[in-house]
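K.L.:
Following this line is start_15.txt, made up of compact mmCIF, C-alpha atoms:
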# COMPACT_ATOMS: atom_id res chain seq x y z
CA MET A 1 -39.99 -182.81 140.80
CA LEU A 2 -41.65 -179.87 139.01
CA PRO A 3 -43.86 -180.57 135.96
CA LYS A 4 -42.12 -179.73 132.69
CA HIS A 5 -44.03 -176.49 132.10
CA ASP A 6 -43.29 -175.29 135.66
CA GLN A 7 -39.63 -176.17 135.23
CA LYS A 8 -39.53 -174.26 131.92
CA LEU A 9 -41.18 -171.24 133.51
CA GLN A 10 -38.58 -171.22 136.27
CA GLU A 11 -35.77 -171.46 133.71
CA ILE A 12 -37.19 -168.42 131.91
CA ARG A 13 -37.41 -166.49 135.19
CA ASN A 14 -33.79 -167.33 135.94
CA LEU A 15 -32.68 -166.11 132.51
CA LEU A 16 -34.54 -162.83 133.03
CA VAL A 17 -33.05 -162.39 136.49
CA ASP A 18 -29.55 -163.00 135.08
CA LEU A 19 -30.10 -160.41 132.33
CA GLY A 20 -31.49 -158.01 134.92
CA GLN A 21 -28.36 -158.43 137.02
CA ASP A 22 -26.23 -157.61 133.96
CA LEU A 23 -28.22 -154.40 133.53
CA ILE A 24 -27.75 -153.43 137.17
CA THR A 25 -24.02 -154.14 137.11
CA ALA A 26 -23.53 -152.19 133.87
CA ALA A 27 -25.57 -149.25 135.18
CA GLU A 28 -23.48 -149.23 138.36
CA LYS A 29 -20.29 -149.12 136.30
CA ALA A 30 -21.62 -146.15 134.32
CA LEU A 31 -22.65 -144.45 137.56
CA HIS A 32 -19.17 -144.92 139.01
CA GLY A 33 -17.70 -143.50 135.82
CA ILE A 34 -19.70 -140.29 135.89
CA GLN A 35 -19.29 -139.87 139.65
CA THR A 36 -15.52 -140.26 139.64
CA GLY A 37 -14.58 -139.23 136.10
CA ASP A 38 -13.11 -142.69 135.45
CA ILE A 39 -14.07 -142.98 131.78
CA SER A 40 -12.81 -146.57 131.56
CA ARG A 41 -15.98 -147.54 133.42
CA PHE A 42 -18.12 -146.58 130.44
CA GLU A 43 -16.35 -149.05 128.18
CA ALA A 44 -16.68 -151.68 130.92
CA ALA A 45 -20.44 -151.01 131.03
CA ARG A 46 -20.71 -151.47 127.27
CA LEU A 47 -18.69 -154.69 127.33
CA MET A 48 -20.88 -156.00 130.15
CA LEU A 49 -23.90 -155.74 127.83
CA LYS A 50 -22.17 -156.81 124.63
CA ASN A 51 -24.31 -159.94 124.31
CA SER A 52 -27.55 -158.58 125.80
CA GLY A 53 -29.35 -158.65 122.44
CA SER A 54 -28.48 -162.31 121.93
CA LYS A 55 -29.56 -163.11 125.49
CA GLY A 56 -32.85 -161.34 124.89
CA ASN A 57 -33.45 -163.34 121.71
CA HIS A 58 -32.67 -166.56 123.55
CA ILE A 59 -35.19 -165.71 126.27
CA ASP A 60 -37.85 -164.85 123.69
CA ASN A 61 -37.23 -168.18 121.95
CA GLN A 62 -37.59 -170.04 125.25
CA ILE A 63 -40.89 -168.27 125.92
CA VAL A 64 -42.23 -169.05 122.44
CA THR A 65 -41.14 -172.67 122.81
CA SER A 66 -42.93 -172.90 126.15
CA LEU A 67 -46.09 -171.42 124.65
CA ALA A 68 -45.95 -173.85 121.74
CA LEU A 69 -45.08 -177.08 123.55
CA PHE A 70 -46.71 -176.82 126.97
CA GLY A 71 -50.37 -176.37 127.75
CA ALA A 72 -49.99 -173.31 129.92
CA GLU A 73 -52.90 -172.53 132.22
CA ALA A 74 -54.32 -169.02 132.33
CA THR A 75 -51.98 -167.84 135.11
CA ASP A 76 -48.88 -169.25 133.42
CA LEU A 77 -49.98 -167.87 130.06
CA ARG A 78 -50.35 -164.40 131.60
CA GLU A 79 -46.89 -164.69 133.09
CA LEU A 80 -45.29 -165.83 129.84
CA ILE A 81 -46.86 -162.97 127.86
CA ALA A 82 -45.65 -160.51 130.49
CA TYR A 83 -42.14 -161.99 130.36
CA LEU A 84 -42.09 -161.65 126.58
CA LYS A 85 -42.67 -157.90 127.01
CA VAL A 86 -40.26 -157.68 129.96
CA THR A 87 -37.49 -159.08 127.76
CA ASN A 88 -38.09 -156.31 125.25
CA GLU A 89 -37.92 -153.65 127.97
CA MET A 90 -34.68 -155.13 129.31
CA VAL A 91 -33.04 -155.14 125.89
CA ARG A 92 -34.08 -151.52 125.41
CA ILE A 93 -32.57 -150.61 128.78
CA SER A 94 -29.39 -152.33 127.66
CA GLU A 95 -29.32 -150.23 124.49
CA ASN A 96 -29.91 -147.07 126.54
CA ILE A 97 -27.00 -147.89 128.86
CA LYS A 98 -24.69 -148.69 125.95
CA THR A 99 -25.63 -145.53 124.06
CA PHE A 100 -25.25 -143.39 127.17
CA SER A 101 -21.83 -144.90 127.90
CA LYS A 102 -20.68 -144.43 124.31
CA ARG A 103 -21.76 -140.79 124.15
CA ILE A 104 -20.78 -139.59 127.63
CA HIS A 105 -17.22 -140.89 127.28
CA PRO A 106 -16.02 -138.29 124.71
CA LEU A 107 -18.08 -135.52 126.31
CA MET A 108 -16.34 -136.00 129.64
CA GLU A 109 -12.96 -136.60 128.06
CA SER A 110 -13.15 -133.31 126.12
CA GLY A 111 -14.47 -131.34 129.08
CA ALA A 112 -17.74 -130.56 127.28
CA CYS A 113 -19.66 -132.10 130.20
CA PHE A 114 -19.24 -129.17 132.60
CA GLN A 115 -19.56 -129.46 136.39
CA SER A 116 -23.34 -128.95 136.52
CA CYS A 117 -23.78 -131.50 133.75
CA GLN A 118 -21.68 -134.07 135.56
CA GLU A 119 -23.39 -133.42 138.89
CA TYR A 120 -26.94 -133.79 137.61
CA GLY A 121 -25.88 -136.57 135.27
CA ALA A 122 -24.62 -138.53 138.27
CA HIS A 123 -27.91 -138.01 140.11
CA LEU A 124 -29.83 -139.05 137.00
CA CYS A 125 -27.74 -142.18 136.61
CA LYS A 126 -28.16 -143.01 140.31
CA SER A 127 -31.96 -142.78 140.13
CA ALA A 128 -32.10 -144.72 136.86
CA THR A 129 -29.92 -147.46 138.37
CA ALA A 130 -32.09 -147.54 141.49
CA ALA A 131 -35.24 -147.83 139.36
CA VAL A 132 -33.89 -150.90 137.55
CA THR A 133 -32.57 -152.47 140.77
CA ILE A 134 -35.90 -152.05 142.55
CA ALA A 135 -37.91 -153.31 139.57
CA MET A 136 -35.90 -156.55 139.51
CA LYS A 137 -36.96 -157.29 143.09
CA ALA A 138 -40.47 -158.05 141.81
CA PHE A 139 -39.15 -161.39 140.54
CA ASP A 140 -38.60 -162.47 144.16
CA THR A 141 -42.14 -162.15 145.48
CA ASN A 142 -45.74 -163.07 144.73
CA GLU A 143 -47.19 -160.94 147.51
CA LYS A 144 -49.63 -158.34 146.15
CA GLU A 145 -48.75 -155.60 148.64
CA GLU A 146 -45.02 -156.10 148.20
CA ILE A 147 -45.24 -156.02 144.41
CA GLU A 148 -47.39 -152.89 144.51
CA GLY A 149 -44.85 -151.32 146.89
CA ILE A 150 -42.05 -152.12 144.45
CA TYR A 151 -44.02 -150.50 141.65
CA ARG A 152 -44.54 -147.33 143.69
CA SER A 153 -40.86 -147.18 144.61
CA VAL A 154 -39.86 -147.45 140.95
CA GLN A 155 -42.29 -144.66 140.12
CA VAL A 156 -40.59 -142.45 142.72
CA GLU A 157 -37.18 -142.97 141.10
CA GLU A 158 -38.64 -142.35 137.65
CA SER A 159 -40.18 -139.11 138.89
CA LYS A 160 -36.76 -138.06 140.20
CA THR A 161 -35.20 -138.59 136.78
CA ASP A 162 -37.89 -136.40 135.20
CA ASP A 163 -37.17 -133.59 137.68
CA LEU A 164 -33.40 -133.92 137.37
CA TYR A 165 -33.52 -133.88 133.59
CA ALA A 166 -35.70 -130.75 133.67
CA ILE A 167 -33.17 -129.01 135.92
CA LEU A 168 -30.27 -130.09 133.70
CA GLU A 169 -32.11 -128.85 130.63
CA LYS A 170 -32.68 -125.48 132.30
CA ASN A 171 -28.99 -125.22 133.25
CA ILE A 172 -27.87 -126.05 129.72
CA LEU A 173 -30.23 -123.50 128.19
CA SER A 174 -28.83 -120.97 130.64
CA GLU A 175 -25.29 -121.83 129.52
CA LEU A 176 -26.31 -121.41 125.89
CA SER A 177 -27.82 -117.99 126.58
CA LYS A 178 -24.57 -116.86 128.18
CA VAL A 179 -22.41 -117.72 125.18
CA ASN A 180 -25.18 -116.51 122.84
CA GLU A 181 -24.39 -119.08 120.18
CA PHE A 182 -25.39 -122.60 119.22
CA ASN A 183 -23.24 -125.24 120.88
CA ALA A 184 -23.61 -128.76 119.53
CA SER A 185 -22.00 -130.34 122.59
CA HIS A 186 -24.75 -128.96 124.86
CA ILE A 187 -27.42 -130.52 122.65
CA GLN A 188 -25.43 -133.76 122.68
CA ILE A 189 -25.40 -133.67 126.48
CA LEU A 190 -29.18 -133.38 126.62
CA SER A 191 -29.60 -136.21 124.12
CA THR A 192 -27.19 -138.37 126.11
CA MET A 193 -28.81 -137.69 129.48
CA ARG A 194 -32.22 -138.43 128.00
CA LYS A 195 -31.09 -142.07 127.77
CA LEU A 196 -30.94 -142.20 131.56
CA GLU A 197 -34.47 -140.85 131.83
CA ARG A 198 -35.64 -143.51 129.40
CA ILE A 199 -34.00 -146.24 131.50
CA ALA A 200 -36.20 -145.23 134.42
CA ASP A 201 -39.27 -145.21 132.16
CA ARG A 202 -38.46 -148.76 131.07
CA ALA A 203 -38.00 -149.82 134.69
CA VAL A 204 -41.54 -148.59 135.42
CA ASN A 205 -42.79 -150.70 132.52
CA ILE A 206 -40.96 -153.75 133.89
CA SER A 207 -42.48 -153.32 137.35
CA LYS A 208 -45.94 -152.90 135.78
CA LEU A 209 -45.49 -156.05 133.70
CA LEU A 210 -44.25 -158.10 136.65
CA MET A 211 -47.17 -156.85 138.73
CA PHE A 212 -49.49 -158.00 135.92
CA ALA A 213 -47.67 -161.36 135.75
CA LYS A 214 -47.97 -162.02 139.46
CA ILE A 215 -51.34 -160.55 140.44
CA GLY A 216 -53.21 -159.88 137.17
CA GLY A 217 -55.11 -156.73 136.29
CA GLU A 218 -54.73 -154.78 133.07
CA LEU A 219 -51.66 -154.87 130.84
CA ASP A 220 -50.69 -151.21 130.68
CA VAL A 221 -47.25 -150.02 129.57
CA TYR A 222 -46.02 -147.01 127.60
Just give me the structure as structure tokens.
P.N.:
Amino acid sequence: MLPKHDQKLQEIRNLLVDLGQDLITAAEKALHGIQTGDISRFEAARLMLKNSGSKGNHIDNQIVTSLALFGAEATDLRELIAYLKVTNEMVRISENIKTFSKRIHPLMESGACFQSCQEYGAHLCKSATAAVTIAMKAFDTNEKEEIEGIYRSVQVEESKTDDLYAILEKNILSELSKVNEFNASHIQILSTMRKLERIADRAVNISKLLMFAKIGGELDVY
């Protein structure tokens, strides 16, 4: 039987993994929505994450309780601190997915999200979803090389979102120059797609934090 502090640590990991799976499922729903034009998927993504804030608070409370009640050794303490920050990143990803889903719905429904927007938006969403999915795999290993490989893979997906957003921005500016007038919907598209880029950024932070939790080093997130 595991000591109480080890059991508590495993419970916290399980809660984080469950929340991570919610994020992946919701992101996949949003991806399907933008790929197929099925706008009902965006509402499904939002409903999937309806209680993510409460779940994040519960995880934080479990971590604080563990810190207060159990004499965590240095390694466990490092892991708990990392998990506290991971929870914050996950909740922020949840908010990004919900905001994206809320904003893209009317843009697609009204036809404001033109073909190029939808195409690059789908690629952005795919890479952001992949970044989160890969980052979550770090919970399943303690091997240094494997964790570092996961981190590099997440960085690749994050880099893709940067490039895709830059291309989308260029296309939208080109569209604006053609009509030669300010179009609020185009600015709204950029603001909405930026949420996908931020999801990938948060996934990088999660993989960094889990690498710190498992193998140590410096705590470095942005």
K.L.:
Please indicate the distance in Å from atom CA of A:Leu47 to atom CA of A:Thr161, rounded to one decimal place.
P.N.:
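It comes out at 24.9 Å.
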K.L.:
Check the smallest atom-to-atom distance from each of A:Arg13, A:Val156, A:Ile147, A:Arg46 to A:Ala200 using all atoms listed in the file, then report the winner.
P.N.:
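When distances to A:Ala200 are compared using all atoms listed in the file, the smallest one comes from A:Val156.
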K.L.:
Show me a table, sorted first by chain and then by increasing residue number, of the residues of stretch 79-188 of chain A having an atom at most 6 Å from stretch 16-40 of chain A, each with its shortest atom pair and the distance in Å to one decimal, counting all atoms listed in the file and written as a Markdown table.
P.N.:
| residue | atom | partner | partner_atom | distance |
| --- | --- | --- | --- | --- |
| A:His105 | CA | A:Ile39 | CA | 5.9 |
| A:Ala122 | CA | A:Gln35 | CA | 5.7 |
| A:Cys125 | CA | A:Leu31 | CA | 5.7 |
| A:Thr129 | CA | A:Ala27 | CA | 5.7 |
K.L.:
Would you compute the distance between atom CA of A:Asp140 and atom CA of A:Asp162? Give it in Å to one decimal.
P.N.:
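Answer for the atom CA of A:Asp140 to atom CA of A:Asp162 separation: 27.6 Å.
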K.L.:
Closest to A:Ser127 among A:Glu43, A:Glu109, A:Glu143, A:Glu197, using only C-alpha atoms?
P.N.:
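The answer is A:Glu197, which sits nearest to A:Ser127.
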K.L.:
Which residue is closest to A:Ser66? Choose from A:Ala44, A:Ile93, A:Leu49, A:Asp6 and count all atoms listed in the file.
P.N.:
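Closest residue, counting all atoms listed in the file: A:Asp6.
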K.L.:
So, with all atoms listed in the file as the atoms that count, which of A:Gly216, A:Gly56, A:Gly149, A:Gly121 lies closest to A:Leu15?
P.N.:
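The shortest atom-to-atom distance to A:Leu15 comes from A:Gly56.
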K.L.:
May I ask which of the residues A:Ala45, A:Leu77, A:Val132, A:Leu84 is the closest one to A:Asp201, counting only C-alpha atoms?
P.N.:
A:Val132
K.L.:
Figure out the distance between atom CA of A:Ile134 and atom CA of A:Val204, please, to one decimal in Å.
P.N.:
9.7 Å
K.L.:
Calculated over all atoms listed in the file, which of the candidates A:Met48, A:Leu168, A:Ile189, A:Ala135 has the smallest distance to A:Glu89?
P.N.:
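Once distances to A:Glu89 are computed over all atoms listed in the file, the minimum belongs to A:Ala135.
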K.L.:
Determine, counting only C-alpha atoms, which protein, DNA and RNA residues have an atom within 10 Å of an atom of A:Gln188; residues of the same chain fewer than 6 positions away are not included. Present the result as a list in words.
P.N.:
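The residues satisfying every condition are Arg103, Ile104, Leu107, Ala112, Cys113 and Arg194 of chain A.
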K.L.:
Can you pull out every residue within 12 Å of A:Gln62, counting all atoms listed in the file, but drop anything in the same chain fewer than 4 positions away, and send it as a list of chain:residue names?
P.N.:
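Returned residues: A:His5, A:Gln7, A:Lys8, A:Leu9, A:Gln10, A:Glu11, A:Ile12, A:Arg13, A:Asn14, A:Leu15, A:Leu16, A:Lys55, A:Gly56, A:Asn57, A:His58, A:Ser66, A:Leu67, A:Ala68, A:Leu69, A:Phe70, A:Leu80, A:Ile81, A:Tyr83, A:Leu84, A:Thr87.
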K.L.:
For the point (-44.6, -159.8, 136.2) in the file's frame, write as a list in words all residues with an atom no more than 9 Å away, counting all atoms listed in the file.
P.N.:
Arg78, Glu79, Leu80, Ala82, Tyr83, Val86, Ala138, Phe139, Ile206, Ser207, Lys208, Leu209, Leu210, Met211, Phe212, Ala213, Lys214, Ile215 and Gly216 of chain A
